[in-house]
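Right, one structure below, let's go through it.
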Number of protein chains: 2
Amino acid sequence: MAKVNKNYKNVSESYLFSNIAKRVNDFSKTNPDKTIIKMGIGDVTKPLAPLVVDAMKKAAAEMGNKETFRGYGPEQGYSFLKEKISDYYKTMGVSIDSDEVFVSDGAKSDVANLTDIFANDNTIIIPDPVYPVYLDSNIMLGRKVVFIDGNKQNGFLPLPYDGLQGDIIYLCSPNNPTGAVYDRDGLKKWVDFANANGAVILYDAAYESFIKDKSLPRSIYEIQGAKECAIELCSLSKTAGFTGTRCGYTIVPKALVREDMSLNAMWFRRQSTKFNGVSYIVQRGAEAVFTPEGQKQNQENIEYYAENAEIIARTLTDLGIWFSGGINSPYVWLKCPGGMSSWEFFDFLLNNAAVVGTPGSGFGKCGEGYFRLTAFNTRENTIEAMDRIKRLLTKK
Amino acid sequence: MAKVNKNYKNVSESYLFSNIAKRVNDFSKTNPDKTIIKMGIGDVTKPLAPLVVDAMKKAAAEMGNKETFRGYGPEQGYSFLKEKISDYYKTMGVSIDSDEVFVSDGAKSDVANLTDIFANDNTIIIPDPVYPVYLDSNIMLGRKVVFIDGNKQNGFLPLPYDGLQGDIIYLCSPNNPTGAVYDRDGLKKWVDFANANGAVILYDAAYESFIKDKSLPRSIYEIQGAKECAIELCSLSKTAGFTGTRCGYTIVPKALVREDMSLNAMWFRRQSTKFNGVSYIVQRGAEAVFTPEGQKQNQENIEYYAENAEIIARTLTDLGIWFSGGINSPYVWLKCPGGMSSWEFFDFLLNNAAVVGTPGSGFGKCGEGYFRLTAFNTRENTIEAMDRIKRLLTKK
């Protein structure tokens with residue numbers, strides 16, 4: 001009799017987004033005249049840069065031509081892309097060999113699949129609030145999870161504390177959902193903790209391109225000692241609008257060894273056996289992202305979203321509402337005004353301003369009383385939504 | 001201290017293809033005048049059909065336009081493609097709901113990742129010789145594996161035998177590497193065995209489109225009772241030349257339940273958490289494959305390879321060499337002449353005819369003394385290689 005993986009029973013179904021959709025739908029029905037603005041979306045809205053589109057069209061054409069057709073590629077990605085990514089790291093002052101780069105179909109797949117190369121009797125350190133994939137992919141393996149609390153006091157940037165014990169640490173900076181960004185000191189504390197304890201950090205840098213402040217690290221490898229303890233995941237999803245195009249990359253340094261086994265060699269083996277590489281067409285699109293002209297075209301999109309985030313941040317500052325993120329991040333994480341719970345504020349905002357956000361409680365218990373707004377809507381809608389919020393919250 | 005997954009130590013490194021490459025390289029150096037023909041390649045050589053290329057160019061253009069841009073898609077694939085795949089099954093007389101279809105980046109990823117939804121204390125039944133991914137992905141989890149032997153007597157189509165015990169069964173038909181195809185009776189025996197024992201069959205149908213004989217099943221769901229015990233994996237890699245474009249699909253029937261858990265729901269959950277869907281551009285290309293015109297364009301490619309396989313099969317028949325495959329399959333699996341071992345025949349063929357194939361021993365102990373030729377080279381090279389083999393083996 002085939003036995004199923006019963007840990008799946010312990011993965012809680014998230015009703016967060018379906019619950020949001022239902023409430024929005026109900027409101028829409030009873031208020032057909034109101035224009036709803038969705039400020040909760042985690043997806044990009046701006047199209048791919050022209051250079052990226054051209055590269056993919058050209059690659060598609062190559063695939064239709066006998067002379068230029070490509071079959072199976074290397075599971076770890078084509079050299080033309082891995083070298084571009086390696087060069088990209090140089091712009092942060094970080095030296096990464098191209099065979100430390102693993103091209104993937106996105107950071108979500110890799111951060112979840114990286115669980116494969118670790119034993120199940122590790123203790124996992126996960127921040128709360130959190131992007132659910134870190135948690136769920138470990139619950140699916142029955143692993144012990146220890147939460148570290150983010151809160152207003154630590155600016156949603158929890159640090160290792162005396163007595164903290166754990167083997168694998170998930171960090172995301174700039175953070176989803178809180179928008180908070182670790183500075184060098186903060187990251188150094190985690191790197192030192194990991195090296196002192198033989199722990200491994202899985203560092204999700206999916207939003208690194210939103211960091212404008214030069215003093216903040218965009219890669220964990222800017223911190224001394226990180227190559228001995230950290231795997232970094234990155235994605236073109238937000239950087240270059242690849243949410244539907246699908247490409248990311250993971251850095252596994254050759255210096256990262258545990259129990260005499262090279263994690264680089266293990267991940268190479270994992271991907272060789274369980275993955276067959278990213279579409280050639282998509283990899284050519286990704287390559288274009290890393291050209292000077294591609295960087296320029298994408299930078300315009302990032303600037304656009306960053307200005308939206310600033311508009312949100314400015315509004316909240318004017319209103320005297322505490323928040324993290326908004327700068328160096330596409331996310332703004334605010335304390336619900338008037339002591340409202342996350343869902344109370346959700347309903348309040350929907351019913352009185354027709355603005356939709358994401359209740360912070362959907363990201364963990366420490367998210368209760370908080371609310372996430374995102375910078376991915378249009379400029380016009382962002383301005384209009386902030387006007388509505390301002391009018392609503394300054395009403396006597 | 002982070003603990004690694006020590007099962008990785010038990011995955012044997014395959015030196016099969018690097019060993020082949022080395023010997024070919026050495027021969028090439030000492031025989032610069034000889035033209036080597038590679039008849040061992042498992043990759044396609046013909047370009048994508050024009051309709052597929054056009055669909056991908058159009059999709060890339062859509063991604064560059066604000067009005068038609070697509071962000072995150074459904075992890076399980078777009079409806080436009082899932083419905084086409086559901087319709088494709090109707091041509092085999094099989095009814096598959098579109099929510100039993102999971103679009104993936106290829107059968108290799110899915111067949112390896114499907115291990116996730118099963119417990120580790122299952123016994124795995126794997127045929128020998130075998131495509132290495134089935135074995136390695138289970139060794140990585142420390143699972144107990146039982147081999148069922150393929151041989152000349154059973155035509156490399158092993159069947160369940162009295163006393164066979166196991167919970168998860170890997171079958172591939174048409175088979176890689178042996179080219180052998182189960183008939184309805186054979187598959188029925190496996191389906192009955194699985195249902196009698198509560199086992200689950202993972203059925204790799206990656207080469208189904210090569211089946212021309214209408215009496216042979218192209219899908220396991222043509223066999224009564226299969227929806228209660230089988231997951232089917234398929235790929236556009238060989239069907240439509242997608243080895244570098246990357247798209248496949250997996251069918252998990254809703255009727256497939258073990259220990260009160262729906263495997264369809266479990267795989268849905270696994271993919272939602274650990275995968276983010278296939279590129280929109282690639283899915284549009286895949287959709288084109290399933291249009292009547294796309295099917296026609298691809299059928300021409302399949303015919304081309306199928307005729308190559310026939311040429312190989314005819315040559316071996318003329319030479320009195322035993323083989324499986326060659327019909328309804330792109331692979332030909334032959335008994336090395338003169339009692340040679342797989343590597344002896346490899347060297348004999350390389351040194352005397354400058355033809356390269358794949359030693360059967362690289363696929364498992366039962367492959368010793370056998371040799372794989374493939375139909376994926378050009379017509380001209382296939383004919384030339386067969387002429388050389390004929391001359392070599394009829395020499396006194």
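Naming scheme: A, B, ... for chains in displayed order of the structure tokens; residues 1 onward per chain; ligands 1 onward as shown.
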
Give me, as a PDB file with C-alpha atoms, in the first residue's frame, the contact residues of chain A against chain B at a cut-off of 6 Å, counting only C-alpha atoms.
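Output file selection.pdb follows:
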```pdb
ATOM      1  CA  MET A   1       0.000   0.000   0.000  1.00  0.00           C
ATOM      2  CA  ALA A   2       1.474   3.337  -1.083  1.00  0.00           C
ATOM      3  CA  LYS A   3       1.876   5.585   1.933  1.00  0.00           C
ATOM      4  CA  VAL A   4       1.396   9.297   1.478  1.00  0.00           C
ATOM      5  CA  ASN A   5       3.439  12.077   3.045  1.00  0.00           C
ATOM      6  CA  PRO A  47       5.415  45.084 -19.309  1.00  0.00           C
ATOM      7  CA  LEU A  48       8.812  43.561 -20.090  1.00  0.00           C
ATOM      8  CA  VAL A  53      11.080  41.014 -25.650  1.00  0.00           C
ATOM      9  CA  LYS A  57      11.572  36.758 -30.115  1.00  0.00           C
ATOM     10  CA  ALA A  60      12.138  31.718 -30.482  1.00  0.00           C
ATOM     11  CA  MET A  63      14.483  27.465 -32.136  1.00  0.00           C
ATOM     12  CA  GLY A  64      12.603  27.244 -35.418  1.00  0.00           C
ATOM     13  CA  ASN A  65      15.764  27.089 -37.496  1.00  0.00           C
ATOM     14  CA  LYS A  66      17.726  23.889 -38.019  1.00  0.00           C
ATOM     15  CA  PHE A  69      17.987  25.078 -32.802  1.00  0.00           C
ATOM     16  CA  ARG A  70      18.866  24.214 -29.188  1.00  0.00           C
ATOM     17  CA  GLY A  71      17.941  20.979 -27.454  1.00  0.00           C
ATOM     18  CA  TYR A  72      18.726  20.078 -23.866  1.00  0.00           C
ATOM     19  CA  SER A 109      10.970  26.896  -6.664  1.00  0.00           C
ATOM     20  CA  ALA A 112      11.362  25.359  -1.563  1.00  0.00           C
ATOM     21  CA  ILE A 117      19.719  18.849   0.348  1.00  0.00           C
ATOM     22  CA  PHE A 118      19.270  19.114   4.112  1.00  0.00           C
ATOM     23  CA  ALA A 119      18.357  16.386   6.589  1.00  0.00           C
ATOM     24  CA  VAL A 133       6.674  29.234   1.261  1.00  0.00           C
ATOM     25  CA  ASP A 167      20.364  25.099  11.957  1.00  0.00           C
ATOM     26  CA  ASN A 197      26.726  27.541  15.079  1.00  0.00           C
ATOM     27  CA  GLY A 198      27.406  25.883  11.740  1.00  0.00           C
ATOM     28  CA  ALA A 199      23.971  27.048  10.606  1.00  0.00           C
ATOM     29  CA  THR A 243       6.592  37.060 -12.753  1.00  0.00           C
ATOM     30  CA  GLY A 244       4.957  35.370 -15.762  1.00  0.00           C
ATOM     31  CA  THR A 245       8.162  34.816 -17.740  1.00  0.00           C
ATOM     32  CA  ARG A 246       9.871  32.862 -14.945  1.00  0.00           C
ATOM     33  CA  THR A 273      18.635  14.836 -11.270  1.00  0.00           C
ATOM     34  CA  LYS A 274      15.418  16.727 -10.594  1.00  0.00           C
ATOM     35  CA  PHE A 275      15.437  19.689 -13.001  1.00  0.00           C
ATOM     36  CA  SER A 279      13.805  27.452 -21.367  1.00  0.00           C
ATOM     37  CA  TYR A 280      16.502  28.689 -23.747  1.00  0.00           C
TER      38      TYR A 280
END
```

Just the residues within 9 Å of A:Asp387, please, counting only C-alpha atoms, with nothing from its chain fewer than 5 positions along; format it as a ChimeraX atom specification.
/A:315,382,392

Please return as a PyMOL selection string: the residues of stretch 203-396 of chain B that backbone DSSP assigns to strand (DSSP E or B).
chain B and resi 203-204+230-235+248-251+257-258+261-262+323-325+331-335+355-356+358-359+370-374

Can I get the selection written as a CSV table (one decimal), in the first residue's frame, with C-alpha atoms?
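Generated file (part_6.csv):
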```
chain,number,residue,atom,x,y,z
B,203,TYR,CA,3.7,6.1,-15.8
B,204,ASP,CA,6.2,7.9,-18.0
B,230,ALA,CA,-1.7,5.7,-11.8
B,231,ILE,CA,-0.2,9.1,-12.4
B,232,GLU,CA,0.9,9.7,-16.0
B,233,LEU,CA,3.8,12.0,-17.0
B,234,CYS,CA,4.2,13.3,-20.5
B,235,SER,CA,6.4,15.8,-22.2
B,248,GLY,CA,5.5,18.8,-20.1
B,249,TYR,CA,2.4,17.8,-18.2
B,250,THR,CA,1.3,15.4,-15.5
B,251,ILE,CA,-2.1,13.8,-15.0
B,257,VAL,CA,-6.8,8.3,-3.3
B,258,ARG,CA,-4.4,6.7,-0.8
B,261,MET,CA,-5.8,11.6,0.9
B,262,SER,CA,-6.4,12.8,-2.7
B,323,PHE,CA,16.7,-6.0,-30.7
B,324,SER,CA,13.7,-4.4,-29.0
B,325,GLY,CA,12.2,-1.0,-30.0
B,331,TYR,CA,15.0,3.9,-29.4
B,332,VAL,CA,16.6,0.7,-30.6
B,333,TRP,CA,18.0,-1.6,-28.0
B,334,LEU,CA,20.2,-4.4,-29.5
B,335,LYS,CA,22.0,-7.4,-28.2
B,355,VAL,CA,29.8,5.2,-35.0
B,356,VAL,CA,28.9,6.1,-31.5
B,358,THR,CA,25.3,4.2,-25.8
B,359,PRO,CA,26.5,1.1,-23.8
B,370,TYR,CA,23.1,-4.5,-24.8
B,371,PHE,CA,23.5,-1.2,-26.7
B,372,ARG,CA,21.2,1.7,-27.4
B,373,LEU,CA,20.9,3.4,-30.8
B,374,THR,CA,18.5,6.4,-31.3
```

Near A:Leu216, within 12 Å and counting only C-alpha atoms, which residues show up once chain neighbours fewer than 6 positions away are dropped, as an MDAnalysis selection string?
chainID A and resid 92 173:174 180:188 208:210 222:223 327:329

Requested write-out: C-alpha atoms of the selected residues, as a PDB file, in the first residue's frame:
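The new file selection_29.pdb reads:
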```
ATOM      1  CA  MET A  92      28.118  45.043  -5.659  1.00  0.00           C
ATOM      2  CA  SER A 173      15.689  41.523   2.787  1.00  0.00           C
ATOM      3  CA  PRO A 174      14.126  43.791   1.540  1.00  0.00           C
ATOM      4  CA  ALA A 180      12.181  46.199   6.143  1.00  0.00           C
ATOM      5  CA  VAL A 181      15.828  46.033   5.028  1.00  0.00           C
ATOM      6  CA  TYR A 182      18.707  44.687   7.091  1.00  0.00           C
ATOM      7  CA  ASP A 183      21.695  46.982   7.330  1.00  0.00           C
ATOM      8  CA  ARG A 184      25.249  45.644   7.343  1.00  0.00           C
ATOM      9  CA  ASP A 185      25.371  45.410  11.121  1.00  0.00           C
ATOM     10  CA  GLY A 186      22.182  43.390  11.262  1.00  0.00           C
ATOM     11  CA  LEU A 187      23.249  40.986   8.551  1.00  0.00           C
ATOM     12  CA  LYS A 188      26.669  40.649  10.118  1.00  0.00           C
ATOM     13  CA  GLU A 208      17.463  43.710  -3.899  1.00  0.00           C
ATOM     14  CA  SER A 209      17.122  45.961  -6.933  1.00  0.00           C
ATOM     15  CA  PHE A 210      14.843  48.269  -4.945  1.00  0.00           C
ATOM     16  CA  GLU A 222      28.778  41.894   0.914  1.00  0.00           C
ATOM     17  CA  ILE A 223      29.125  40.701   4.506  1.00  0.00           C
ATOM     18  CA  ILE A 327      12.036  53.152   0.957  1.00  0.00           C
ATOM     19  CA  ASN A 328      14.419  50.665  -0.671  1.00  0.00           C
ATOM     20  CA  SER A 329      11.435  48.341  -1.002  1.00  0.00           C
TER      21      SER A 329
END
```

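Across the structure, atom CA of B:Lys254 and atom CA of B:Gln283 are spaced 23.4 Å apart.
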
Could you please write out, as a ChimeraX atom specification, every residue of stretch 303-388 of chain B that DSSP assigns to alpha helix (DSSP H)?
/B:303-319,342-353,379-388

Keeping C-alpha atoms for every residue in the selection just given, could you write it to a file as a PDB file, in the first residue's frame?
```
ATOM      1  CA  GLU B 303       7.502  10.484 -38.915  1.00  0.00           C
ATOM      2  CA  TYR B 304      11.018  11.531 -39.789  1.00  0.00           C
ATOM      3  CA  TYR B 305      12.464  10.085 -36.590  1.00  0.00           C
ATOM      4  CA  ALA B 306      10.227   7.017 -36.873  1.00  0.00           C
ATOM      5  CA  GLU B 307      11.600   6.285 -40.339  1.00  0.00           C
ATOM      6  CA  ASN B 308      15.126   6.616 -38.980  1.00  0.00           C
ATOM      7  CA  ALA B 309      14.221   4.057 -36.324  1.00  0.00           C
ATOM      8  CA  GLU B 310      12.855   1.747 -39.010  1.00  0.00           C
ATOM      9  CA  ILE B 311      16.076   2.026 -40.994  1.00  0.00           C
ATOM     10  CA  ILE B 312      18.031   0.990 -37.911  1.00  0.00           C
ATOM     11  CA  ALA B 313      15.608  -1.837 -37.159  1.00  0.00           C
ATOM     12  CA  ARG B 314      15.756  -3.123 -40.751  1.00  0.00           C
ATOM     13  CA  THR B 315      19.541  -3.163 -40.679  1.00  0.00           C
ATOM     14  CA  LEU B 316      19.616  -5.164 -37.460  1.00  0.00           C
ATOM     15  CA  THR B 317      17.001  -7.578 -38.773  1.00  0.00           C
ATOM     16  CA  ASP B 318      19.104  -8.102 -41.910  1.00  0.00           C
ATOM     17  CA  LEU B 319      22.126  -8.760 -39.735  1.00  0.00           C
ATOM     18  CA  SER B 342      28.340  -3.167 -23.873  1.00  0.00           C
ATOM     19  CA  TRP B 343      31.652  -1.306 -23.679  1.00  0.00           C
ATOM     20  CA  GLU B 344      33.451  -3.810 -25.906  1.00  0.00           C
ATOM     21  CA  PHE B 345      30.846  -3.234 -28.598  1.00  0.00           C
ATOM     22  CA  PHE B 346      31.060   0.524 -28.028  1.00  0.00           C
ATOM     23  CA  ASP B 347      34.810   0.470 -28.701  1.00  0.00           C
ATOM     24  CA  PHE B 348      34.450  -1.986 -31.589  1.00  0.00           C
ATOM     25  CA  LEU B 349      31.881   0.246 -33.298  1.00  0.00           C
ATOM     26  CA  LEU B 350      33.769   3.459 -32.624  1.00  0.00           C
ATOM     27  CA  ASN B 351      37.155   2.133 -33.736  1.00  0.00           C
ATOM     28  CA  ASN B 352      35.969   0.253 -36.797  1.00  0.00           C
ATOM     29  CA  ALA B 353      33.002   2.251 -38.041  1.00  0.00           C
ATOM     30  CA  ARG B 379      18.309  10.679 -42.268  1.00  0.00           C
ATOM     31  CA  GLU B 380      21.624  10.900 -44.125  1.00  0.00           C
ATOM     32  CA  ASN B 381      23.677  10.119 -41.026  1.00  0.00           C
ATOM     33  CA  THR B 382      21.365   7.304 -39.994  1.00  0.00           C
ATOM     34  CA  ILE B 383      21.677   5.652 -43.398  1.00  0.00           C
ATOM     35  CA  GLU B 384      25.432   6.149 -43.464  1.00  0.00           C
ATOM     36  CA  ALA B 385      25.845   4.776 -39.921  1.00  0.00           C
ATOM     37  CA  MET B 386      23.771   1.701 -40.780  1.00  0.00           C
ATOM     38  CA  ASP B 387      25.803   1.121 -43.950  1.00  0.00           C
ATOM     39  CA  ARG B 388      28.982   1.240 -41.915  1.00  0.00           C
TER      40      ARG B 388
END
```

A:Ser79: which residues within 12 Å, counting only C-alpha atoms, same-chain residues fewer than 4 positions away excluded, as number ranges by chain?
A: 73-75, 83-87, 97-103, 280, 283-284, 287

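The coordinates place atom CA of B:Lys227 at 17.9 Å from atom CA of B:Lys82.
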
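For the residues B:Lys296, B:Lys395, B:Lys90, B:Lys214, ranking by smallest atom-to-atom distance to B:Thr239 using only C-alpha atoms places B:Lys296 first.
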